[in-house]
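Here is the structure we will look at.
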Amino acid sequence: MSAQPPDGRQLLVVIDPAARAVDGESVRIAKDVLCAGASSVKIALPDSAEEVARVLSHRGRRRPVVLGDDRTLLRAVRALHHERALGEAPLALVPIGPRSSLARALGVPGQVLPAARAVLDGMDRELDLLVDDSGGIVLGTLRIPSDGAGSSSHWWSPVERTARSLVRTLTMPAPSNGHGPGHTHGHAPRQRLRIEADGVVLVDLDQPVHEVSFRTVHPGLIEVRVSHPDSAEPLCVEAVTVTVSGRDFRYRADSALAGPVRTRTWTVQPGAWRLTVPRA
């Protein structure tokens, strides 16, 4: 990860419609600060993800600045990644809206004024990107929770949950200790996954896991953490490529739900994009 001063003050300010609806006053403050400090500012008010992509593709030499929350940032990164121009255009974000934890974790101030000032006099920080084999991206953390972990209503419909419960009941081994089906002795939920890091099998389908998570660490490496239900310490390794296989698993990438899939491979792209943050 490296940093350098922003080049030029010609800005393309893309204002997310949700930000305008949720906090118009913060949008006004951010616009005032940016217009006062930049040599040239073009304001864009897209109403859809497609319009965001179209606006960014016609940015010219202007530096894109997005006003919105984490979803706004992800939408802009996806658009530039799809255009194969992510490395050419440093991004800046002024967080406006209820969901900005990802932006703060990446170094963007949580308040409007400091974030807007950082756009003008901050640094462009190179960041790694996780890209999967379907074209999806991850900026922060990806998690594969165990079956039933968290709020199950977010993962399965009522019909799916009923069917899965029935399958578990029918396939559960006969109890040998006098307890009926479903007795777990307080063990954490688990699922069966095959996890490979740079071609090395960390966990196979015969080993239940509780949760898998990974994120970029250092330049060009993924930190892979695998939690076992019967182990207090997770397995932790670093790799460039991670492949997960299993039966219809789902995952959360930057808090967004994806899947179900049976196999997916993630690869780190070092220094794939730049984000403007305050000077250290």
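Order determines the names: the first chain of the structure tokens is A, the second B, and so forth; residues in each chain are numbered 1 upward, and ligands are numbered 1 upward as they are shown.
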Cut-off 12 Å: closest range 70-131 of chain A/range 208-226 of chain A atom pairs per residue, using only C-alpha atoms, as a Markdown table:
| residue | atom | partner | partner_atom | distance |
| --- | --- | --- | --- | --- |
| A:Leu106 | CA | A:Thr216 | CA | 11.5 |
| A:Glu126 | CA | A:Pro219 | CA | 9.4 |
| A:Leu127 | CA | A:Pro219 | CA | 8.1 |
| A:Asp128 | CA | A:Thr216 | CA | 6.6 |
| A:Leu129 | CA | A:Thr216 | CA | 7.4 |
| A:Leu130 | CA | A:Thr216 | CA | 7.3 |
| A:Val131 | CA | A:Thr216 | CA | 11.1 |
DSSP strand (DSSP E) selection over range 11-61 of chain A, as a list in words: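 Listing strand (DSSP E) positions across range 11-61 of chain A yields Leu11, Leu12, Val13, Val14, Ile15, Ser40, Val41, Lys42, Ile43 and Ala44 of chain A.
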Neighbour list for range 248-262 of chain A as a list in words, cut-off 7 Å, only C-alpha atoms, skip fewer than 4 positions in-chain: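 These residues fall inside the cut-off: Val138, Leu139, Gly140, Thr141, Leu142, Arg143, Ile144 and Pro145 of chain A.
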Polymer residues at most 9 Å from Val22 in chain A, only C-alpha atoms, same-chain spacing of 5 or more positions, as number ranges by chain: A: 17, 96-98
I need the residues from that last selection saved to file as a compact mmCIF listing (two decimals), in the first residue's frame (with N, CA, C and O atoms), if you can.
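Here's the written file part_35.txt:
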# COMPACT_ATOMS: atom_id res chain seq x y z
N PRO A 17 -28.51 9.31 -5.25
CA PRO A 17 -29.87 9.78 -4.95
C PRO A 17 -30.29 9.50 -3.51
O PRO A 17 -31.05 10.29 -2.92
N ILE A 96 -22.05 9.87 3.20
CA ILE A 96 -23.34 10.43 3.60
C ILE A 96 -24.34 9.29 3.57
O ILE A 96 -24.56 8.68 2.52
N GLY A 97 -24.93 8.99 4.71
CA GLY A 97 -25.86 7.89 4.77
C GLY A 97 -25.55 7.00 5.97
O GLY A 97 -24.55 7.17 6.67
N PRO A 98 -26.40 6.00 6.20
CA PRO A 98 -26.30 5.20 7.43
C PRO A 98 -25.21 4.13 7.41
O PRO A 98 -24.84 3.63 8.46
Long-range neighbours of range 87-95 of chain A as a PyMOL selection string, 9 Å cut-off, only C-alpha atoms, 6 positions minimum in chain: chain A and resi 6+19+27+30+61-70+72-73+76-77+80-81+103-104+108-116+118-119+124-126+271-277
Close residues, Asp204 in chain A itself excluded, 10 Å, only C-alpha atoms, min 3 positions apart in chain, as a list in words: Arg192, Leu193, Arg194, Ile195, Glu196, Val201, Gln207, Pro208, Val209, Val244, Ser245 and Gly246 of chain A
Spatial neighbours of Leu11 in chain A, max dist 9 Å, only C-alpha atoms, sep filter under 2 positions, as an MDAnalysis selection string: chainID A and resid 8:9 13 34:35 38:43 59 61:65
Save out the residues we just selected, C-alpha atoms, as a CSV table (one decimal), in the first residue's frame.
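So the final result, stored in result35.csv, reads:
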chain,number,residue,atom,x,y,z
A,8,GLY,CA,-5.2,18.3,-10.1
A,9,ARG,CA,-8.4,19.8,-8.8
A,13,VAL,CA,-18.9,14.9,-8.1
A,34,LEU,CA,-15.5,21.0,-2.9
A,35,CYS,CA,-16.6,23.8,-5.2
A,38,ALA,CA,-11.3,22.8,-6.6
A,39,SER,CA,-10.4,24.6,-9.8
A,40,SER,CA,-13.4,23.0,-11.6
A,41,VAL,CA,-16.3,20.9,-10.4
A,42,LYS,CA,-18.9,19.1,-12.5
A,43,ILE,CA,-21.9,17.8,-10.6
A,59,ARG,CA,-15.4,11.5,-16.6
A,61,ARG,CA,-9.6,13.9,-16.9
A,62,ARG,CA,-11.8,14.7,-13.9
A,63,ARG,CA,-11.2,12.9,-10.6
A,64,PRO,CA,-14.4,11.1,-9.5
A,65,VAL,CA,-15.8,12.0,-6.1
Best match for closeness to Ala79 in chain A among A:Val55, A:Val268, A:Ala105, A:Leu235, counting only C-alpha atoms: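 So, comparing all the options, the nearest one is A:Val55.
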Straight-line distance linking CA of Val33 in chain A with CA of Glu83 in chain A, stated in Å to one decimal: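 CA of Glu83 in chain A lies at a distance of 29.5 Å from CA of Val33 in chain A.
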